Amino acid sequence: MKETDNVREGEKLTSISLLRVTAAVAVVFLHSGSTLLENPDLFHLTGSQKTFFQICHMLSVWTVPCFFMITGCLLLDEKRDLTAKDCIFKYANRMLLTLGVFGIPMAMLILLFETKSLSFSMIGEAVYMALSGKTLSHLWYLYAMIGIYLVLPLLKRFTDACSKELLDYILAVLFVMDFCIPFYNRLFQLELNFSAPLGGYVFYVLCGRRFRDFLRGGGQKKVFYLLAALGSMAVLLIALTVLYGGQDTIFPYLVDYKSPLTAIYSVLIFVLFGSLKPRCNRNALWKLDRLCFGVYLIHPVLIQTVYRVFRITPVHTGCYPVALFGFAAGFAIASFLGAWVLSLVKPLKKYIL
């Protein structure tokens, strides 16, 4: 590999690390607000408060799609060897172990909140809850990743062999079938019965592979155009939130990960990060990068504890918009520290984190 190739590869990896760390912080911010929205029986919001938290949710919804794209960018690289054995016993098995180590205790936490008591008889119920996806809601990502990892060998064989034109065609088909048609069906009460069986999350993984080459920097003009496009998307998303935030039959589909708006918004952010050429300490960034999975796993526990147990939320302050950022920053810092402590436990670091 030429020296220039090494430099570009280093820039790509730095861009990915910066994106992952930023997405980890953003997902903490997202859940700091969405937890209030998803529990109206516990947190009574005024109309303006609800609209504000909905806007924050809408503007932060790019985080998990970018995690999927990072997976596609790294694991579907044609220079990378990827076997079915790796996908099953290294990657999918890691997600399954995570469900056992973190999902079951989190299910126990839910039972504790609901019943105000703990007993050994709850363990079996907690195991069932973890297997059936009834633990803390953010763990849906683990179930999705198990499926993604199991089909990665097929996706890898396909992306290694196909041209960019064919990959663009497949992405266009998935975008129309899995994003646009269901979106318009829900929005306009249509019954167009067309779909692609691969699922929306495969689209994001393939996008990571398709737009991987953009993660090697770009000129100021490219960054300007991307920022302009993102700014336009942000204005559109805010306007739609103001218009439809009170309509439960429409708004959930606007913020869904399979919304075409979310897909476009997320891809723009993914490409933007690859165009920035970050100037930072790569070693320090890499250390933060390695904590991001732990941050994703534990941050809802901190949020739920502060909000439910201590009954302290941003809406209890005099200026809730500023308070939300303060709460999210505190949760993010605590989550990174907690993830670092967990990483000191060697079995966790080796098999999960």
# chains A, B, ... in the order shown; residues from 1 in each chain; ligands from 1
$ residues_around --residues "A:Val64" --least-positions-apart "5" --cutoff "12 Å" --atoms "only C-alpha atoms" --output "PDB file with N, CA and C atoms, in the first residue's frame"
ATOM      1  N   LEU A  19     -17.208  10.214  14.019  1.00  0.00           N
ATOM      2  CA  LEU A  19     -18.646  10.039  13.808  1.00  0.00           C
ATOM      3  C   LEU A  19     -19.255   9.164  14.894  1.00  0.00           C
ATOM      4  N   ARG A  20     -18.577   8.076  15.256  1.00  0.00           N
ATOM      5  CA  ARG A  20     -19.128   7.164  16.263  1.00  0.00           C
ATOM      6  C   ARG A  20     -19.219   7.848  17.623  1.00  0.00           C
ATOM      7  N   THR A  22     -19.418  11.098  18.191  1.00  0.00           N
ATOM      8  CA  THR A  22     -20.457  12.122  18.097  1.00  0.00           C
ATOM      9  C   THR A  22     -21.843  11.494  18.146  1.00  0.00           C
ATOM     10  N   ALA A  23     -22.014  10.369  17.448  1.00  0.00           N
ATOM     11  CA  ALA A  23     -23.308   9.680  17.455  1.00  0.00           C
ATOM     12  C   ALA A  23     -23.637   9.146  18.846  1.00  0.00           C
ATOM     13  N   ALA A  24     -22.627   8.677  19.578  1.00  0.00           N
ATOM     14  CA  ALA A  24     -22.863   8.180  20.935  1.00  0.00           C
ATOM     15  C   ALA A  24     -23.346   9.311  21.843  1.00  0.00           C
ATOM     16  N   VAL A  25     -22.723  10.487  21.720  1.00  0.00           N
ATOM     17  CA  VAL A  25     -23.159  11.640  22.505  1.00  0.00           C
ATOM     18  C   VAL A  25     -24.564  12.063  22.079  1.00  0.00           C
ATOM     19  N   ALA A  26     -24.807  12.048  20.763  1.00  0.00           N
ATOM     20  CA  ALA A  26     -26.113  12.467  20.243  1.00  0.00           C
ATOM     21  C   ALA A  26     -27.225  11.524  20.676  1.00  0.00           C
ATOM     22  N   VAL A  27     -26.934  10.225  20.763  1.00  0.00           N
ATOM     23  CA  VAL A  27     -27.986   9.285  21.173  1.00  0.00           C
ATOM     24  C   VAL A  27     -28.328   9.472  22.654  1.00  0.00           C
ATOM     25  N   VAL A  28     -27.344   9.894  23.452  1.00  0.00           N
ATOM     26  CA  VAL A  28     -27.627  10.236  24.853  1.00  0.00           C
ATOM     27  C   VAL A  28     -28.546  11.456  24.902  1.00  0.00           C
ATOM     28  N   LEU A  30     -30.602  12.399  22.522  1.00  0.00           N
ATOM     29  CA  LEU A  30     -31.904  11.971  22.006  1.00  0.00           C
ATOM     30  C   LEU A  30     -32.746  11.349  23.111  1.00  0.00           C
ATOM     31  N   HIS A  31     -32.161  10.418  23.856  1.00  0.00           N
ATOM     32  CA  HIS A  31     -32.924   9.706  24.879  1.00  0.00           C
ATOM     33  C   HIS A  31     -33.159  10.561  26.120  1.00  0.00           C
ATOM     34  N   MET A  69     -24.535   2.341   9.280  1.00  0.00           N
ATOM     35  CA  MET A  69     -23.679   2.685   8.139  1.00  0.00           C
ATOM     36  C   MET A  69     -22.206   2.469   8.461  1.00  0.00           C
ATOM     37  N   ILE A  70     -21.820   2.741   9.696  1.00  0.00           N
ATOM     38  CA  ILE A  70     -20.433   2.480  10.099  1.00  0.00           C
ATOM     39  C   ILE A  70     -20.130   0.993   9.992  1.00  0.00           C
ATOM     40  N   THR A  71     -21.080   0.156  10.397  1.00  0.00           N
ATOM     41  CA  THR A  71     -20.910  -1.299  10.270  1.00  0.00           C
ATOM     42  C   THR A  71     -20.676  -1.687   8.818  1.00  0.00           C
ATOM     43  N   HIS A 138     -33.974   0.652  24.114  1.00  0.00           N
ATOM     44  CA  HIS A 138     -32.823   0.919  23.240  1.00  0.00           C
ATOM     45  C   HIS A 138     -32.103  -0.365  22.826  1.00  0.00           C
ATOM     46  N   LEU A 139     -32.368  -1.474  23.514  1.00  0.00           N
ATOM     47  CA  LEU A 139     -31.695  -2.728  23.177  1.00  0.00           C
ATOM     48  C   LEU A 139     -32.233  -3.363  21.893  1.00  0.00           C
ATOM     49  N   TRP A 140     -33.272  -2.757  21.288  1.00  0.00           N
ATOM     50  CA  TRP A 140     -33.742  -3.260  19.995  1.00  0.00           C
ATOM     51  C   TRP A 140     -32.588  -3.305  18.994  1.00  0.00           C
ATOM     52  N   TYR A 141     -31.621  -2.412  19.180  1.00  0.00           N
ATOM     53  CA  TYR A 141     -30.469  -2.345  18.278  1.00  0.00           C
ATOM     54  C   TYR A 141     -29.686  -3.657  18.285  1.00  0.00           C
ATOM     55  N   LEU A 142     -29.599  -4.310  19.434  1.00  0.00           N
ATOM     56  CA  LEU A 142     -28.856  -5.565  19.536  1.00  0.00           C
ATOM     57  C   LEU A 142     -29.543  -6.667  18.735  1.00  0.00           C
ATOM     58  N   ALA A 144     -31.486  -6.240  16.163  1.00  0.00           N
ATOM     59  CA  ALA A 144     -31.304  -5.926  14.747  1.00  0.00           C
ATOM     60  C   ALA A 144     -29.905  -6.290  14.283  1.00  0.00           C
ATOM     61  N   MET A 145     -28.895  -6.020  15.123  1.00  0.00           N
ATOM     62  CA  MET A 145     -27.515  -6.296  14.726  1.00  0.00           C
ATOM     63  C   MET A 145     -27.242  -7.790  14.630  1.00  0.00           C
ATOM     64  N   TYR A 201     -32.932  -1.785   7.583  1.00  0.00           N
ATOM     65  CA  TYR A 201     -31.610  -1.659   8.190  1.00  0.00           C
ATOM     66  C   TYR A 201     -30.514  -2.171   7.265  1.00  0.00           C
ATOM     67  N   TYR A 204     -29.267   0.748   5.266  1.00  0.00           N
ATOM     68  CA  TYR A 204     -28.250   1.585   5.903  1.00  0.00           C
ATOM     69  C   TYR A 204     -26.871   0.932   5.856  1.00  0.00           C
ATOM     70  N   VAL A 205     -26.824  -0.371   6.064  1.00  0.00           N
ATOM     71  CA  VAL A 205     -25.540  -1.078   6.002  1.00  0.00           C
ATOM     72  C   VAL A 205     -24.927  -0.953   4.607  1.00  0.00           C
ATOM     73  N   ASP A 256     -39.464   7.893  12.407  1.00  0.00           N
ATOM     74  CA  ASP A 256     -39.109   6.478  12.306  1.00  0.00           C
ATOM     75  C   ASP A 256     -37.796   6.316  11.556  1.00  0.00           C
ATOM     76  N   TYR A 257     -37.030   5.271  11.943  1.00  0.00           N
ATOM     77  CA  TYR A 257     -35.751   5.026  11.261  1.00  0.00           C
ATOM     78  C   TYR A 257     -35.953   4.622   9.802  1.00  0.00           C
ATOM     79  N   LYS A 258     -37.178   4.206   9.447  1.00  0.00           N
ATOM     80  CA  LYS A 258     -37.453   3.837   8.069  1.00  0.00           C
ATOM     81  C   LYS A 258     -38.193   4.938   7.310  1.00  0.00           C
ATOM     82  N   THR A 262     -35.577  10.522   7.393  1.00  0.00           N
ATOM     83  CA  THR A 262     -34.498  10.072   8.270  1.00  0.00           C
ATOM     84  C   THR A 262     -33.345   9.498   7.461  1.00  0.00           C
ATOM     85  N   ALA A 263     -33.655   8.736   6.416  1.00  0.00           N
ATOM     86  CA  ALA A 263     -32.614   8.124   5.590  1.00  0.00           C
ATOM     87  C   ALA A 263     -31.754   9.196   4.916  1.00  0.00           C
ATOM     88  N   TYR A 265     -31.429  12.403   5.721  1.00  0.00           N
ATOM     89  CA  TYR A 265     -30.765  13.183   6.763  1.00  0.00           C
ATOM     90  C   TYR A 265     -29.537  12.442   7.301  1.00  0.00           C
ATOM     91  N   SER A 266     -29.689  11.145   7.548  1.00  0.00           N
ATOM     92  CA  SER A 266     -28.598  10.342   8.116  1.00  0.00           C
ATOM     93  C   SER A 266     -27.451  10.173   7.128  1.00  0.00           C
ATOM     94  N   VAL A 267     -27.771   9.918   5.864  1.00  0.00           N
ATOM     95  CA  VAL A 267     -26.722   9.759   4.854  1.00  0.00           C
ATOM     96  C   VAL A 267     -25.942  11.060   4.686  1.00  0.00           C
ATOM     97  N   ILE A 269     -25.361  13.330   6.951  1.00  0.00           N
ATOM     98  CA  ILE A 269     -24.464  13.476   8.103  1.00  0.00           C
ATOM     99  C   ILE A 269     -23.287  12.519   7.979  1.00  0.00           C
ATOM    100  N   PHE A 270     -23.539  11.297   7.559  1.00  0.00           N
ATOM    101  CA  PHE A 270     -22.462  10.321   7.364  1.00  0.00           C
ATOM    102  C   PHE A 270     -21.422  10.849   6.368  1.00  0.00           C
ATOM    103  N   PHE A 293     -19.787   1.713  22.602  1.00  0.00           N
ATOM    104  CA  PHE A 293     -20.775   0.644  22.760  1.00  0.00           C
ATOM    105  C   PHE A 293     -21.241   0.571  24.211  1.00  0.00           C
ATOM    106  N   TYR A 296     -23.634   3.377  24.843  1.00  0.00           N
ATOM    107  CA  TYR A 296     -24.963   3.077  24.316  1.00  0.00           C
ATOM    108  C   TYR A 296     -25.722   2.156  25.261  1.00  0.00           C
TER     109      TYR A 296
END
$ select_by_dssp --residues "stretch 35-278 of chain A" --states "alpha helix (DSSP H)" --output "MDAnalysis selection string"
chainID A and resid 35:37 47:60 63:75 84:86 93:98 104:115 122:131 140:161 164:174 181:188 200:210 220:244 251:254 260:274
$ residues_around --residues "A:Gly124" --least-positions-apart "2" --cutoff "12 Å" --atoms "only C-alpha atoms" --output "MDAnalysis selection string"
chainID A and resid 104:105 107:108 111 119:122 126:131
$ closest_atom_pairs --of "stretch 239-321 of chain A" --to "stretch 42-49 of chain A" --cutoff "9 Å" --atoms "only C-alpha atoms" --output "JSON lines"
{"residue": "A:Gly246", "atom": "CA", "partner": "A:Gly47", "partner_atom": "CA", "distance": 8.6}
{"residue": "A:Tyr307", "atom": "CA", "partner": "A:Phe43", "partner_atom": "CA", "distance": 8.9}
{"residue": "A:Arg308", "atom": "CA", "partner": "A:Leu42", "partner_atom": "CA", "distance": 8.2}
{"residue": "A:Thr313", "atom": "CA", "partner": "A:Phe43", "partner_atom": "CA", "distance": 8.6}
{"residue": "A:Val315", "atom": "CA", "partner": "A:Leu45", "partner_atom": "CA", "distance": 7.8}
{"residue": "A:Tyr320", "atom": "CA", "partner": "A:Gln49", "partner_atom": "CA", "distance": 8.0}
{"residue": "A:Pro321", "atom": "CA", "partner": "A:Gln49", "partner_atom": "CA", "distance": 8.5}
$ write_last_selection --atoms "C-alpha atoms" --output "tab-separated table (two decimals), in the first residue's frame"
chain	number	residue	atom	x	y	z
A	246	GLY	CA	-49.60	16.78	17.87
A	307	TYR	CA	-35.82	10.83	36.02
A	308	ARG	CA	-37.81	8.09	37.77
A	313	THR	CA	-35.88	16.24	34.93
A	315	VAL	CA	-38.80	20.32	32.92
A	320	TYR	CA	-35.88	23.51	30.16
A	321	PRO	CA	-34.25	24.01	26.67
$ residues_around --residues "A:Ile303" --least-positions-apart "5" --cutoff "12 Å" --atoms "only C-alpha atoms" --output "ChimeraX atom specification"
/A:27-36,136,295-298,308-314,324,327-332,334-335
$ closest_residue --among "A:Pro40, A:Gly147, A:Pro260, A:Pro347" --to "A:Val101" --atoms "only C-alpha atoms"
A:Pro347
$ closest_residue --among "A:Glu165, A:Asp160, A:Asp213, A:Asp178" --to "A:Glu78" --atoms "only C-alpha atoms"
A:Asp160
$ residues_around --residues "A:Met58" --least-positions-apart "5" --cutoff "10 Å" --atoms "only C-alpha atoms" --output "short mmCIF file (atom, residue, chain, number, x, y, z; two decimals) with all heavy atoms, in the first residue's frame"
data_model
loop_
_atom_site.label_atom_id
_atom_site.label_comp_id
_atom_site.auth_asym_id
_atom_site.auth_seq_id
_atom_site.Cartn_x
_atom_site.Cartn_y
_atom_site.Cartn_z
N LEU A 30 -30.60 12.40 22.52
CA LEU A 30 -31.90 11.97 22.01
C LEU A 30 -32.75 11.35 23.11
O LEU A 30 -33.91 11.70 23.31
CB LEU A 30 -31.69 10.99 20.86
CG LEU A 30 -32.93 10.47 20.10
CD1 LEU A 30 -32.54 10.10 18.68
CD2 LEU A 30 -33.54 9.26 20.76
N SER A 34 -36.38 12.08 24.66
CA SER A 34 -37.44 11.16 24.26
C SER A 34 -38.01 10.38 25.44
O SER A 34 -39.17 9.97 25.41
CB SER A 34 -36.91 10.18 23.20
OG SER A 34 -35.92 9.32 23.74
N PHE A 52 -40.88 21.18 21.77
CA PHE A 52 -39.42 21.34 21.85
C PHE A 52 -38.71 19.99 21.89
O PHE A 52 -37.74 19.76 21.15
CB PHE A 52 -39.04 22.16 23.08
CG PHE A 52 -37.56 22.21 23.33
CD1 PHE A 52 -36.73 23.02 22.56
CD2 PHE A 52 -36.97 21.43 24.32
CE1 PHE A 52 -35.36 23.05 22.77
CE2 PHE A 52 -35.61 21.46 24.55
CZ PHE A 52 -34.80 22.27 23.76
N PHE A 53 -39.19 19.08 22.75
CA PHE A 53 -38.55 17.77 22.86
C PHE A 53 -38.74 16.95 21.58
O PHE A 53 -37.87 16.17 21.20
CB PHE A 53 -39.08 17.01 24.08
CG PHE A 53 -38.65 17.60 25.38
CD1 PHE A 53 -39.58 17.99 26.33
CD2 PHE A 53 -37.31 17.79 25.67
CE1 PHE A 53 -39.20 18.54 27.54
CE2 PHE A 53 -36.89 18.34 26.86
CZ PHE A 53 -37.84 18.73 27.81
N ALA A 234 -32.86 20.22 8.14
CA ALA A 234 -33.20 20.55 9.53
C ALA A 234 -34.41 21.47 9.58
O ALA A 234 -35.32 21.29 10.41
CB ALA A 234 -32.01 21.19 10.23
N LEU A 237 -37.47 19.41 8.79
CA LEU A 237 -37.85 18.54 9.90
C LEU A 237 -38.49 19.33 11.03
O LEU A 237 -39.46 18.87 11.65
CB LEU A 237 -36.61 17.80 10.41
CG LEU A 237 -35.97 16.81 9.43
CD1 LEU A 237 -34.70 16.21 10.04
CD2 LEU A 237 -36.93 15.71 9.04
N ILE A 238 -37.96 20.51 11.31
CA ILE A 238 -38.55 21.35 12.36
C ILE A 238 -39.96 21.78 11.96
O ILE A 238 -40.90 21.74 12.77
CB ILE A 238 -37.66 22.58 12.63
CG1 ILE A 238 -36.34 22.15 13.28
CG2 ILE A 238 -38.38 23.58 13.52
CD1 ILE A 238 -35.32 23.26 13.40
N LEU A 240 -42.04 20.26 9.92
CA LEU A 240 -42.94 19.11 9.99
C LEU A 240 -43.30 18.77 11.43
O LEU A 240 -44.42 18.36 11.72
CB LEU A 240 -42.29 17.91 9.30
CG LEU A 240 -42.17 17.99 7.78
CD1 LEU A 240 -41.34 16.83 7.25
CD2 LEU A 240 -43.55 18.00 7.13
N THR A 241 -42.34 18.96 12.33
CA THR A 241 -42.62 18.70 13.74
C THR A 241 -43.65 19.67 14.28
O THR A 241 -44.58 19.29 15.01
CB THR A 241 -41.32 18.80 14.57
OG1 THR A 241 -40.35 17.89 14.05
CG2 THR A 241 -41.58 18.47 16.02
N PHE A 251 -46.93 11.82 13.22
CA PHE A 251 -45.59 12.17 13.70
C PHE A 251 -44.67 10.97 13.94
O PHE A 251 -43.49 11.03 13.59
CB PHE A 251 -45.69 13.02 14.97
CG PHE A 251 -44.36 13.47 15.48
CD1 PHE A 251 -43.64 14.45 14.81
CD2 PHE A 251 -43.78 12.89 16.60
CE1 PHE A 251 -42.40 14.87 15.26
CE2 PHE A 251 -42.54 13.29 17.06
CZ PHE A 251 -41.84 14.29 16.39
N PRO A 252 -45.16 9.87 14.54
CA PRO A 252 -44.24 8.73 14.76
C PRO A 252 -43.59 8.23 13.47
O PRO A 252 -42.47 7.72 13.50
CB PRO A 252 -45.15 7.66 15.38
CG PRO A 252 -46.24 8.43 16.04
CD PRO A 252 -46.48 9.60 15.13
N LEU A 254 -42.76 10.14 10.95
CA LEU A 254 -41.77 11.12 10.51
C LEU A 254 -40.42 10.87 11.16
O LEU A 254 -39.37 11.10 10.55
CB LEU A 254 -42.25 12.54 10.86
CG LEU A 254 -43.52 13.03 10.16
CD1 LEU A 254 -43.89 14.42 10.66
CD2 LEU A 254 -43.35 13.05 8.65
N VAL A 255 -40.43 10.41 12.41
CA VAL A 255 -39.17 10.19 13.15
C VAL A 255 -38.73 8.73 13.10
O VAL A 255 -37.71 8.38 13.70
CB VAL A 255 -39.32 10.63 14.62
CG1 VAL A 255 -39.59 12.12 14.71
CG2 VAL A 255 -40.41 9.85 15.33
N ASP A 256 -39.46 7.89 12.41
CA ASP A 256 -39.11 6.48 12.31
C ASP A 256 -37.80 6.32 11.56
O ASP A 256 -37.47 7.09 10.66
CB ASP A 256 -40.23 5.72 11.58
CG ASP A 256 -40.05 4.22 11.69
OD1 ASP A 256 -40.52 3.64 12.68
OD2 ASP A 256 -39.43 3.64 10.79
N LEU A 261 -37.19 10.64 5.11
CA LEU A 261 -36.55 11.86 5.62
C LEU A 261 -35.37 11.50 6.52
O LEU A 261 -34.30 12.10 6.43
CB LEU A 261 -37.58 12.69 6.39
CG LEU A 261 -38.79 13.18 5.60
CD1 LEU A 261 -39.78 13.86 6.53
CD2 LEU A 261 -38.36 14.13 4.48
N THR A 262 -35.58 10.52 7.39
CA THR A 262 -34.50 10.07 8.27
C THR A 262 -33.34 9.50 7.46
O THR A 262 -32.16 9.75 7.76
CB THR A 262 -35.02 9.01 9.25
OG1 THR A 262 -36.06 9.57 10.05
CG2 THR A 262 -33.91 8.51 10.16
#
$ residues_around --residues "A:Thr98" --least-positions-apart "5" --cutoff "9 Å" --atoms "only C-alpha atoms" --output "ChimeraX atom specification"
/A:93,103,142,297,351-353
